[in-house]
file start19.txt (compact mmCIF, C-alpha atoms)
# COMPACT_ATOMS: atom_id res chain seq x y z
CA MET A 31 129.47 127.59 127.33
CA LYS A 32 126.66 128.09 129.82
CA TRP A 33 124.08 129.38 127.32
CA GLU A 34 124.24 126.13 125.35
CA GLU A 35 122.52 124.32 128.20
CA ASN A 36 119.27 126.03 127.16
CA VAL A 37 119.52 125.44 123.42
CA ARG A 38 116.98 123.12 121.80
CA LYS A 39 119.16 120.48 120.14
CA VAL A 40 117.86 118.13 117.47
CA VAL A 41 119.25 116.00 114.67
CA PRO A 42 117.94 117.83 111.57
CA TYR A 43 116.21 116.35 108.56
CA THR A 44 118.68 115.55 105.78
CA PRO A 45 117.31 116.26 102.28
CA GLY A 46 118.60 114.77 99.06
CA GLU A 47 121.66 116.35 97.52
CA GLN A 48 121.04 119.47 95.44
CA PRO A 49 123.85 119.59 92.86
CA GLN A 50 124.13 122.99 91.20
CA ARG A 51 126.16 121.95 88.17
CA ALA A 52 124.65 121.91 84.70
CA ASN A 53 123.82 118.66 82.88
CA VAL A 54 123.14 116.70 86.05
CA ILE A 55 120.35 114.11 86.04
CA LYS A 56 118.61 114.64 89.35
CA LEU A 57 116.50 111.63 90.37
CA ASN A 58 116.88 111.94 94.14
CA THR A 59 114.27 114.38 95.44
CA ASN A 60 111.01 113.25 93.79
CA GLU A 61 110.49 116.48 91.92
CA CYS A 62 108.28 116.46 88.85
CA PRO A 63 110.37 116.20 85.65
CA TYR A 64 107.97 118.43 83.71
CA PRO A 65 107.24 122.16 83.99
CA PRO A 66 104.17 123.53 85.78
CA ALA A 67 100.89 123.85 83.89
CA PRO A 68 100.74 126.33 80.97
CA GLU A 69 98.09 128.19 82.93
CA VAL A 70 100.77 128.93 85.54
CA ALA A 71 103.12 130.50 82.98
CA LYS A 72 100.24 132.57 81.66
CA ARG A 73 99.38 133.81 85.15
CA ILE A 74 103.03 134.75 85.84
CA ALA A 75 102.88 137.25 82.97
CA GLU A 76 99.75 138.80 84.48
CA LEU A 77 101.00 139.25 88.05
CA GLN A 78 100.88 142.81 89.29
CA SER A 79 104.23 143.86 90.73
CA ASP A 80 102.56 146.61 92.77
CA ARG A 81 100.89 143.91 94.85
CA MET A 82 104.31 142.85 96.17
CA ARG A 83 104.42 145.84 98.55
CA LEU A 84 101.28 144.61 100.31
CA TYR A 85 100.84 141.73 102.71
CA PRO A 86 99.13 138.77 101.00
CA ALA A 87 95.58 137.77 101.86
CA PHE A 88 95.09 135.03 104.42
CA PRO A 89 95.30 131.77 102.44
CA GLU A 90 91.86 130.47 103.38
CA LYS A 91 90.27 133.61 101.90
CA THR A 92 92.06 133.42 98.54
CA GLU A 93 91.30 132.19 95.05
CA LEU A 94 93.56 129.22 95.74
CA ALA A 95 91.28 128.11 98.57
CA GLU A 96 88.26 128.60 96.30
CA GLU A 97 89.82 126.51 93.54
CA LEU A 98 90.83 123.72 95.91
CA ALA A 99 87.38 123.65 97.50
CA SER A 100 85.75 123.45 94.08
CA TYR A 101 88.17 120.76 92.85
CA TYR A 102 87.66 118.51 95.87
CA HIS A 103 83.95 119.35 96.39
CA ILE A 104 84.43 120.54 99.96
CA ASN A 105 83.97 123.87 101.74
CA GLN A 106 86.71 126.47 102.11
CA ASP A 107 86.61 126.14 105.88
CA GLN A 108 87.75 122.53 105.42
CA ILE A 109 91.10 123.58 103.88
CA PHE A 110 94.32 124.71 105.52
CA ILE A 111 97.06 126.06 103.22
CA GLY A 112 100.73 126.28 104.13
CA VAL A 113 104.26 126.66 102.81
CA GLY A 114 104.58 123.18 101.35
CA SER A 115 103.23 120.07 103.03
CA ASP A 116 106.22 120.17 105.41
CA ASP A 117 104.89 123.40 106.90
CA VAL A 118 101.38 121.95 107.06
CA LEU A 119 102.57 118.77 108.77
CA SER A 120 104.79 120.70 111.17
CA MET A 121 101.83 122.86 112.19
CA ALA A 122 99.70 119.75 112.61
CA PHE A 123 102.30 118.15 114.91
CA LEU A 124 102.46 121.35 116.97
CA THR A 125 98.67 121.67 117.13
CA PHE A 126 97.35 118.15 117.63
CA PHE A 127 100.04 116.01 119.27
CA GLN A 128 99.98 117.52 122.76
CA SER A 129 98.63 114.75 124.99
CA GLY A 130 102.00 113.62 126.33
CA ARG A 131 101.33 110.10 125.05
CA PRO A 132 103.56 108.73 122.26
CA ILE A 133 102.44 109.31 118.70
CA LEU A 134 102.78 106.41 116.27
CA PHE A 135 104.30 106.22 112.79
CA PRO A 136 106.17 103.57 110.74
CA ASP A 137 109.83 102.78 111.29
CA ILE A 138 110.51 103.20 107.57
CA THR A 139 108.75 106.35 106.45
CA TYR A 140 109.20 110.06 105.78
CA SER A 141 112.22 110.97 107.90
CA PHE A 142 110.89 114.38 108.94
CA TYR A 143 108.35 112.85 111.35
CA ASP A 144 110.85 112.05 114.09
CA VAL A 145 112.54 115.43 113.57
CA TRP A 146 109.30 117.34 114.23
CA ALA A 147 108.59 115.10 117.21
CA ASP A 148 112.00 115.95 118.66
CA VAL A 149 111.68 119.67 117.93
CA TYR A 150 108.28 119.89 119.64
CA LYS A 151 109.24 117.41 122.39
CA ILE A 152 106.53 114.97 121.37
CA PRO A 153 107.14 111.37 122.50
CA TYR A 154 106.83 108.82 119.73
CA GLU A 155 107.01 105.13 118.91
CA THR A 156 107.78 103.67 115.51
CA LYS A 157 105.98 100.57 114.28
CA ALA A 158 107.96 98.17 112.12
CA LEU A 159 106.78 97.56 108.59
CA ASP A 160 106.31 93.88 107.81
CA GLU A 161 108.85 91.88 105.79
CA ASP A 162 107.29 93.19 102.57
CA PHE A 163 107.58 96.82 103.79
CA CYS A 164 103.82 97.12 104.36
CA ILE A 165 102.14 98.99 107.23
CA ARG A 166 100.27 96.68 109.62
CA PRO A 167 97.02 98.32 110.78
CA GLU A 168 96.94 96.16 113.91
CA ASP A 169 100.09 97.92 115.17
CA TYR A 170 98.12 101.16 115.49
CA LYS A 171 95.41 99.78 117.77
CA GLN A 172 96.95 100.76 121.08
CA PRO A 173 96.68 103.84 123.31
CA ASN A 174 98.59 106.71 121.71
CA GLY A 175 98.77 110.46 121.29
CA GLY A 176 98.13 110.50 117.53
CA VAL A 177 98.97 108.68 114.32
CA VAL A 178 100.69 109.84 111.14
CA PHE A 179 101.69 107.89 108.04
CA PRO A 180 102.14 108.52 104.31
CA ASN A 181 99.99 106.72 101.77
CA PRO A 182 101.64 105.74 99.48
CA ASN A 183 104.45 105.35 101.97
CA ALA A 184 107.86 106.93 101.44
CA PRO A 185 110.48 105.84 100.59
CA THR A 186 108.91 102.49 99.66
CA GLY A 187 106.15 103.77 97.36
CA ILE A 188 103.78 101.09 98.65
CA LEU A 189 100.07 101.92 98.74
CA MET A 190 97.82 100.78 101.56
CA ASP A 191 94.25 100.17 100.46
CA LEU A 192 91.56 102.51 101.71
CA GLY A 193 89.95 99.83 103.85
CA GLN A 194 93.15 99.46 105.87
CA VAL A 195 93.50 103.23 106.16
CA GLU A 196 89.98 103.45 107.55
CA GLU A 197 90.75 100.59 109.93
CA ILE A 198 93.50 102.68 111.50
CA ILE A 199 91.34 105.81 111.68
CA ALA A 200 88.38 103.95 113.19
CA ALA A 201 90.63 102.45 115.88
CA ASN A 202 91.87 105.91 116.93
CA ARG A 203 88.77 108.10 117.30
CA ASP A 204 90.12 109.85 120.41
CA VAL A 205 93.24 111.24 118.67
CA VAL A 206 94.02 112.97 115.38
CA VAL A 207 95.10 110.73 112.51
CA ILE A 208 97.12 112.36 109.72
CA VAL A 209 97.28 110.70 106.30
CA ASP A 210 100.15 112.24 104.32
CA GLU A 211 99.22 111.91 100.63
CA ALA A 212 102.18 113.58 98.92
CA TYR A 213 102.23 110.84 96.23
CA VAL A 214 98.57 109.85 96.00
CA ASP A 215 98.13 111.24 92.46
CA PHE A 216 100.43 108.61 90.95
CA GLY A 217 98.15 105.63 91.49
CA GLY A 218 96.65 105.92 94.95
CA VAL A 219 93.16 106.41 96.31
CA SER A 220 92.73 109.39 98.63
CA ALA A 221 91.29 109.11 102.12
CA LEU A 222 89.56 112.46 101.56
CA PRO A 223 86.01 110.99 101.35
CA LEU A 224 86.47 109.74 104.92
CA ILE A 225 86.65 113.24 106.42
CA ASP A 226 82.84 113.40 106.40
CA GLN A 227 82.70 110.34 108.63
CA TYR A 228 85.71 110.96 110.87
CA ASP A 229 86.14 114.34 112.54
CA ASN A 230 89.64 113.34 113.69
CA LEU A 231 91.05 112.78 110.18
CA LEU A 232 93.43 115.23 108.50
CA VAL A 233 94.44 114.54 104.88
CA VAL A 234 97.58 116.37 103.68
CA GLN A 235 98.63 116.90 100.06
CA THR A 236 101.16 119.03 98.16
CA PHE A 237 101.83 120.89 94.92
CA SER A 238 105.48 119.77 94.95
CA LYS A 239 105.09 116.44 93.15
CA SER A 240 102.21 115.96 90.74
CA ARG A 241 101.66 119.69 90.18
CA ALA A 242 105.33 120.39 89.42
CA MET A 243 105.58 123.36 91.80
CA ALA A 244 108.13 122.33 94.44
CA GLY A 245 109.77 125.74 94.07
CA MET A 246 106.55 127.54 95.02
CA ARG A 247 106.15 125.69 98.35
CA ILE A 248 102.42 125.04 98.50
CA GLY A 249 100.83 122.38 100.68
CA TYR A 250 97.38 121.93 102.15
CA ALA A 251 95.38 119.89 104.62
CA MET A 252 91.72 118.91 104.45
CA GLY A 253 89.45 117.93 107.30
CA GLN A 254 86.47 118.97 109.35
CA PRO A 255 86.17 122.75 110.02
CA LYS A 256 87.05 122.40 113.70
CA LEU A 257 90.38 120.74 112.87
CA ILE A 258 91.17 123.44 110.32
CA GLN A 259 90.26 126.21 112.76
CA TYR A 260 92.63 124.79 115.36
CA LEU A 261 95.42 124.71 112.76
CA ASN A 262 94.78 128.32 111.77
CA ASP A 263 94.74 129.42 115.41
CA VAL A 264 98.23 128.00 115.91
CA LYS A 265 99.56 129.26 112.59
CA TYR A 266 98.38 132.81 113.19
CA SER A 267 99.95 132.70 116.64
CA VAL A 268 103.32 132.03 114.98
CA ASN A 269 103.20 133.94 111.68
CA SER A 270 100.09 135.37 110.05
CA TYR A 271 101.64 135.88 106.62
CA THR A 272 103.12 132.52 105.76
CA MET A 273 102.01 132.32 102.12
CA ASN A 274 103.27 134.81 99.56
CA TYR A 275 101.11 136.50 96.93
CA THR A 276 102.85 134.81 93.98
CA ALA A 277 102.43 131.29 95.36
CA LEU A 278 98.75 131.85 96.08
CA GLU A 279 98.04 133.19 92.59
CA LEU A 280 100.04 130.55 90.73
CA GLY A 281 98.66 127.74 92.86
CA ALA A 282 95.13 128.71 91.85
CA ALA A 283 96.19 128.74 88.19
CA SER A 284 97.61 125.23 88.55
CA VAL A 285 94.39 123.81 89.98
CA ARG A 286 92.39 125.30 87.11
CA ASP A 287 94.50 123.47 84.51
CA GLU A 288 93.13 120.01 85.31
CA ALA A 289 93.81 118.57 81.85
CA TYR A 290 97.54 119.25 82.11
CA PHE A 291 97.64 117.86 85.65
CA LYS A 292 96.13 114.56 84.52
CA GLU A 293 98.36 114.42 81.44
CA CYS A 294 101.48 114.97 83.55
CA CYS A 295 100.55 112.26 86.06
CA GLY A 296 99.79 109.87 83.20
CA ARG A 297 103.17 110.47 81.59
CA ILE A 298 104.99 109.80 84.85
CA ILE A 299 103.01 106.59 85.47
CA LYS A 300 103.79 105.37 81.95
CA THR A 301 107.50 106.09 82.39
CA ARG A 302 107.42 104.36 85.79
CA GLU A 303 105.98 101.21 84.21
CA ARG A 304 108.75 101.23 81.60
CA ALA A 305 111.31 101.77 84.39
CA GLU A 306 110.00 98.72 86.23
CA GLU A 307 110.66 96.60 83.13
CA GLU A 308 114.15 97.99 82.60
CA LEU A 309 115.21 97.74 86.24
CA THR A 310 113.98 94.16 86.40
CA ARG A 311 116.03 93.35 83.31
CA LEU A 312 119.08 94.93 84.95
CA GLY A 313 118.79 92.73 88.04
CA PHE A 314 116.82 94.91 90.44
CA THR A 315 113.91 93.93 92.66
CA PHE A 316 111.43 96.38 94.17
CA PRO A 317 107.95 96.58 95.68
CA LYS A 318 105.15 97.74 93.40
CA SER A 319 105.19 101.53 93.42
CA SER A 320 102.16 103.82 93.47
CA SER A 321 104.33 106.94 93.60
CA ASN A 322 106.66 108.88 91.31
CA PHE A 323 109.67 106.83 92.39
CA ILE A 324 110.84 103.22 92.64
CA PHE A 325 112.48 101.73 95.74
CA ALA A 326 114.95 99.26 94.25
CA SER A 327 117.61 96.81 95.39
CA HIS A 328 120.03 94.97 93.12
CA ARG A 329 120.30 91.22 93.51
CA LYS A 330 124.12 91.23 93.62
CA ILE A 331 125.62 94.72 93.74
CA PRO A 332 125.38 96.76 96.97
CA ALA A 333 123.21 99.86 96.72
CA GLU A 334 125.97 102.14 98.00
CA VAL A 335 128.30 101.01 95.21
CA ILE A 336 125.67 101.73 92.57
CA PHE A 337 124.85 105.06 94.23
CA GLU A 338 128.47 106.24 94.10
CA LYS A 339 129.05 105.03 90.54
CA LEU A 340 125.91 106.81 89.34
CA LYS A 341 127.18 110.01 90.93
CA GLU A 342 130.39 109.64 88.97
CA ASN A 343 128.16 109.72 85.90
CA ASP A 344 126.33 112.84 87.20
CA ILE A 345 123.19 110.85 87.96
CA TYR A 346 121.80 111.37 91.46
CA VAL A 347 119.47 108.93 93.20
CA ARG A 348 118.72 108.63 96.94
CA HIS A 349 120.45 106.25 99.35
CA TRP A 350 120.08 105.92 103.12
CA ASN A 351 122.60 104.21 105.36
CA LYS A 352 119.86 102.96 107.69
CA ASP A 353 118.78 99.62 109.07
CA ARG A 354 116.64 97.51 106.72
CA ILE A 355 116.95 99.91 103.76
CA SER A 356 120.69 100.39 103.35
CA ASN A 357 120.69 98.15 100.29
CA TYR A 358 117.93 100.09 98.52
CA LEU A 359 117.97 103.09 96.21
CA ARG A 360 115.04 105.42 95.74
CA ILE A 361 114.93 106.40 92.09
CA THR A 362 112.70 109.31 91.10
CA ILE A 363 110.93 108.96 87.77
CA GLY A 364 112.43 111.52 85.38
CA THR A 365 111.76 112.28 81.75
CA ASP A 366 112.05 109.43 79.27
CA GLU A 367 115.40 110.84 78.15
CA GLU A 368 116.73 111.01 81.72
CA MET A 369 115.58 107.47 82.42
CA GLU A 370 117.25 106.16 79.26
CA ALA A 371 120.51 107.73 80.46
CA LEU A 372 119.99 106.02 83.82
CA TYR A 373 119.46 102.62 82.18
CA ALA A 374 122.60 103.07 80.06
CA ALA A 375 124.66 103.93 83.13
CA LEU A 376 123.22 100.99 85.08
CA GLU A 377 123.95 98.70 82.15
CA LYS A 378 127.64 99.55 82.54
CA ILE A 379 127.58 99.32 86.33
CA CYS A 380 125.52 96.15 86.59
CA GLY A 381 126.38 94.50 83.27
CA GLY A 382 126.90 90.79 83.68
CA GLU A 383 125.70 90.92 87.29
CA SER A 384 121.93 90.53 86.78

call {"tool": "encode", "arguments": {"input": "start19.txt", "output": "structure tokens"}}
result
Amino acid sequence: MKWEENVRKVVPYTPGEQPQRANVIKLNTNECPYPPAPEVAKRIAELQSDRMRLYPAFPEKTELAEELASYYHINQDQIFIGVGSDDVLSMAFLTFFQSGRPILFPDITYSFYDVWADVYKIPYETKALDEDFCIRPEDYKQPNGGVVFPNPNAPTGILMDLGQVEEIIAANRDVVVIVDEAYVDFGGVSALPLIDQYDNLLVVQTFSKSRAMAGMRIGYAMGQPKLIQYLNDVKYSVNSYTMNYTALELGAASVRDEAYFKECCGRIIKTRERAEEELTRLGFTFPKSSSNFIFASHRKIPAEVIFEKLKENDIYVRHWNKDRISNYLRITIGTDEEMEALYAALEKICGGES
């Protein structure tokens, strides 16, 4: 068909499975196992339904922006808010990676980066992680059109220290560097303090993981006002009303409940530490995680076999049939009860094989 010659064709991002059956243990999409903050539930009861007939306020002028600015001790004009960090990152690719030179990101990383590059026709090069799955800063010291990487990285969960992050930023002052911090609250150190020193740095975070609001789709970027203004210019040229009223109101409520946020992160970290002990006992090896998941490989049993057998037990983890990581499983940290069920299932699958 002639019209297909002018269609933009890409290989889409493939998310983790979303089983809809009851009584499934879902440890494959890095969602928070606990509910949002009590302050969020309280605010839901107070929402005014009459407001739904009106367009929402622009995100940077809302209470959510005020709360984020106060929490991070920055100005509101240093914050860009979008529909989850995927929307924020997509807008950043569209806005900042326009030089025609290849952008750089790791070969094992968040698998949406190459999709956005293809959609927006941005050339890119991937840089191989070392044999321990670590990012090598020296690989990012070459002419390029921009740099993006998660810290901690996904799906490995490995944290790069702030000195190495700054090394990459300092070597790329003529392009925008994006540090994707979706998992930073589970043991990482944010690059946010560096935005005062580097006007080319954009730090991206999300409410989907540590704030237990994946269903609300709230993400945000922080940087110098000029970067944020450029992002807003592009966003408002595509769709002015990207954030809905409910998400903006409930996001602000979540930020206010700092005690619950810290408690929730602490519980997940504690469960992760217990999971490291149990998985080691069961014959798994894995890099040290600073995220809400563990990237594990069994010493004897192929990852795909374990993946399929867990599914038979209605336990879902993440597996990729990709070079270098095909024998690894990414296991999200669930509740203690969910993790105990996982260990019991793995005991049957891996028993006598550790």

call {"tool": "closest_residue", "arguments": {"input": "start19.txt", "among": "A:Gly381, A:Val285, A:Leu340, A:Ser238", "to": "Pro63 of chain A", "atoms": "only C-alpha atoms"}}
result
A:Ser238

call {"tool": "residues_around", "arguments": {"input": "start19.txt", "residues": "segment 334-336 of chain A", "least_positions_apart": "6", "cutoff": "9 Å", "atoms": "all atoms listed in the file", "output": "PDB file with C-alpha atoms, keeping the file's coordinate frame"}}
result
ATOM      1  CA  HIS A 328     120.030  94.970  93.120  1.00  0.00           C
ATOM      2  CA  HIS A 349     120.450 106.250  99.350  1.00  0.00           C
ATOM      3  CA  TRP A 350     120.080 105.920 103.120  1.00  0.00           C
ATOM      4  CA  ASN A 351     122.600 104.210 105.360  1.00  0.00           C
ATOM      5  CA  SER A 356     120.690 100.390 103.350  1.00  0.00           C
ATOM      6  CA  ASN A 357     120.690  98.150 100.290  1.00  0.00           C
ATOM      7  CA  TYR A 358     117.930 100.090  98.520  1.00  0.00           C
ATOM      8  CA  LEU A 359     117.970 103.090  96.210  1.00  0.00           C
ATOM      9  CA  LEU A 376     123.220 100.990  85.080  1.00  0.00           C
ATOM     10  CA  ILE A 379     127.580  99.320  86.330  1.00  0.00           C
ATOM     11  CA  CYS A 380     125.520  96.150  86.590  1.00  0.00           C
TER      12      CYS A 380
END

call {"tool": "closest_atom_pairs", "arguments": {"input": "start19.txt", "of": "segment 89-174 of chain A", "to": "segment 32-47 of chain A", "cutoff": "7 Å", "atoms": "only C-alpha atoms", "output": "Markdown table"}}
result
| residue | atom | partner | partner_atom | distance |
| --- | --- | --- | --- | --- |
| A:Ser141 | CA | A:Tyr43 | CA | 6.7 |
| A:Phe142 | CA | A:Tyr43 | CA | 5.7 |
| A:Val145 | CA | A:Pro42 | CA | 6.2 |
| A:Asp148 | CA | A:Val40 | CA | 6.4 |
| A:Val149 | CA | A:Val40 | CA | 6.4 |

call {"tool": "write_last_selection", "arguments": {"input": "start19.txt", "atoms": "C-alpha atoms", "output": "CSV table (one decimal), keeping the file's coordinate frame"}}
result
chain,number,residue,atom,x,y,z
A,141,SER,CA,112.2,111.0,107.9
A,142,PHE,CA,110.9,114.4,108.9
A,145,VAL,CA,112.5,115.4,113.6
A,148,ASP,CA,112.0,116.0,118.7
A,149,VAL,CA,111.7,119.7,117.9

call {"tool": "residues_around", "arguments": {"input": "start19.txt", "residues": "Glu61 of chain A", "least_positions_apart": "5", "cutoff": "8 Å", "atoms": "all atoms listed in the file", "output": "ChimeraX atom specification"}}
result
/A:238-239,242,244,362

call {"tool": "residues_around", "arguments": {"input": "start19.txt", "residues": "Tyr290 of chain A", "least_positions_apart": "2", "cutoff": "12 Å", "atoms": "all atoms listed in the file", "output": "count of residues only"}}
result
22

call {"tool": "closest_residue", "arguments": {"input": "start19.txt", "among": "A:Arg131, A:Lys151, A:Arg329, A:Lys300", "to": "Val177 of chain A", "atoms": "all atoms listed in the file"}}
result
A:Arg131

call {"tool": "residues_near_point", "arguments": {"input": "start19.txt", "point": "(106.7, 108.0, 106.9)", "cutoff": "7 Å", "atoms": "all atoms listed in the file", "output": "VMD selection string"}}
result
chain A and resid 135 to 136 138 to 141 143 179 to 180 183 to 184

call {"tool": "residues_near_point", "arguments": {"input": "start19.txt", "point": "(93.4, 129.5, 99.4)", "cutoff": "8 Å", "atoms": "all atoms listed in the file", "output": "VMD selection string"}}
result
chain A and resid 88 to 98 106 109 to 111 278 282

call {"tool": "residues_around", "arguments": {"input": "start19.txt", "residues": "Asp117 of chain A", "least_positions_apart": "2", "cutoff": "10 Å", "atoms": "all atoms listed in the file", "output": "list in words"}}
result
Ile111, Gly112, Val113, Gly114, Ser115, Leu119, Ser120, Met121, Ala122, Phe123, Arg247, Ile248, Gly249, Tyr250, Lys265 and Thr272 of chain A

call {"tool": "decode", "arguments": {"input": "start19.txt", "residues": "segment 55-70 of chain A", "atoms": "N, CA and C atoms", "output": "PDB file, in the first residue's frame"}}
result
ATOM      1  N   ILE A  55       1.134 -12.594  42.093  1.00  0.00           N
ATOM      2  CA  ILE A  55       2.225 -11.837  42.721  1.00  0.00           C
ATOM      3  C   ILE A  55       3.022 -11.187  41.603  1.00  0.00           C
ATOM      4  N   LYS A  56       2.956  -9.882  41.548  1.00  0.00           N
ATOM      5  CA  LYS A  56       3.483  -9.124  40.410  1.00  0.00           C
ATOM      6  C   LYS A  56       4.786  -8.435  40.814  1.00  0.00           C
ATOM      7  N   LEU A  57       5.899  -9.046  40.432  1.00  0.00           N
ATOM      8  CA  LEU A  57       7.223  -8.524  40.793  1.00  0.00           C
ATOM      9  C   LEU A  57       8.025  -8.224  39.530  1.00  0.00           C
ATOM     10  N   ASN A  58       7.344  -7.680  38.520  1.00  0.00           N
ATOM     11  CA  ASN A  58       7.991  -7.516  37.215  1.00  0.00           C
ATOM     12  C   ASN A  58       7.980  -6.098  36.666  1.00  0.00           C
ATOM     13  N   THR A  59       7.366  -5.155  37.360  1.00  0.00           N
ATOM     14  CA  THR A  59       7.305  -3.797  36.806  1.00  0.00           C
ATOM     15  C   THR A  59       7.763  -2.722  37.790  1.00  0.00           C
ATOM     16  N   ASN A  60       8.416  -3.110  38.860  1.00  0.00           N
ATOM     17  CA  ASN A  60       9.032  -2.177  39.815  1.00  0.00           C
ATOM     18  C   ASN A  60       8.048  -1.187  40.438  1.00  0.00           C
ATOM     19  N   GLU A  61       6.810  -1.607  40.556  1.00  0.00           N
ATOM     20  CA  GLU A  61       5.842  -0.784  41.271  1.00  0.00           C
ATOM     21  C   GLU A  61       6.090  -0.892  42.771  1.00  0.00           C
ATOM     22  N   CYS A  62       5.643   0.111  43.507  1.00  0.00           N
ATOM     23  CA  CYS A  62       5.754   0.068  44.953  1.00  0.00           C
ATOM     24  C   CYS A  62       4.728  -0.935  45.495  1.00  0.00           C
ATOM     25  N   PRO A  63       5.110  -1.776  46.459  1.00  0.00           N
ATOM     26  CA  PRO A  63       4.161  -2.766  46.980  1.00  0.00           C
ATOM     27  C   PRO A  63       3.192  -2.194  48.004  1.00  0.00           C
ATOM     28  N   TYR A  64       3.377  -0.938  48.384  1.00  0.00           N
ATOM     29  CA  TYR A  64       2.544  -0.328  49.423  1.00  0.00           C
ATOM     30  C   TYR A  64       1.664   0.771  48.825  1.00  0.00           C
ATOM     31  N   PRO A  65       0.586   1.115  49.488  1.00  0.00           N
ATOM     32  CA  PRO A  65      -0.312   2.145  48.962  1.00  0.00           C
ATOM     33  C   PRO A  65       0.315   3.528  49.046  1.00  0.00           C
ATOM     34  N   PRO A  66      -0.234   4.498  48.335  1.00  0.00           N
ATOM     35  CA  PRO A  66       0.249   5.875  48.463  1.00  0.00           C
ATOM     36  C   PRO A  66       0.081   6.396  49.886  1.00  0.00           C
ATOM     37  N   ALA A  67       0.675   7.542  50.154  1.00  0.00           N
ATOM     38  CA  ALA A  67       0.651   8.130  51.492  1.00  0.00           C
ATOM     39  C   ALA A  67      -0.778   8.369  51.980  1.00  0.00           C
ATOM     40  N   PRO A  68      -1.027   8.239  53.276  1.00  0.00           N
ATOM     41  CA  PRO A  68      -2.356   8.539  53.836  1.00  0.00           C
ATOM     42  C   PRO A  68      -2.853   9.936  53.464  1.00  0.00           C
ATOM     43  N   GLU A  69      -1.940  10.861  53.330  1.00  0.00           N
ATOM     44  CA  GLU A  69      -2.321  12.216  52.930  1.00  0.00           C
ATOM     45  C   GLU A  69      -2.982  12.221  51.561  1.00  0.00           C
ATOM     46  N   VAL A  70      -2.591  11.281  50.694  1.00  0.00           N
ATOM     47  CA  VAL A  70      -3.189  11.181  49.362  1.00  0.00           C
ATOM     48  C   VAL A  70      -4.645  10.726  49.469  1.00  0.00           C
TER      49      VAL A  70
END
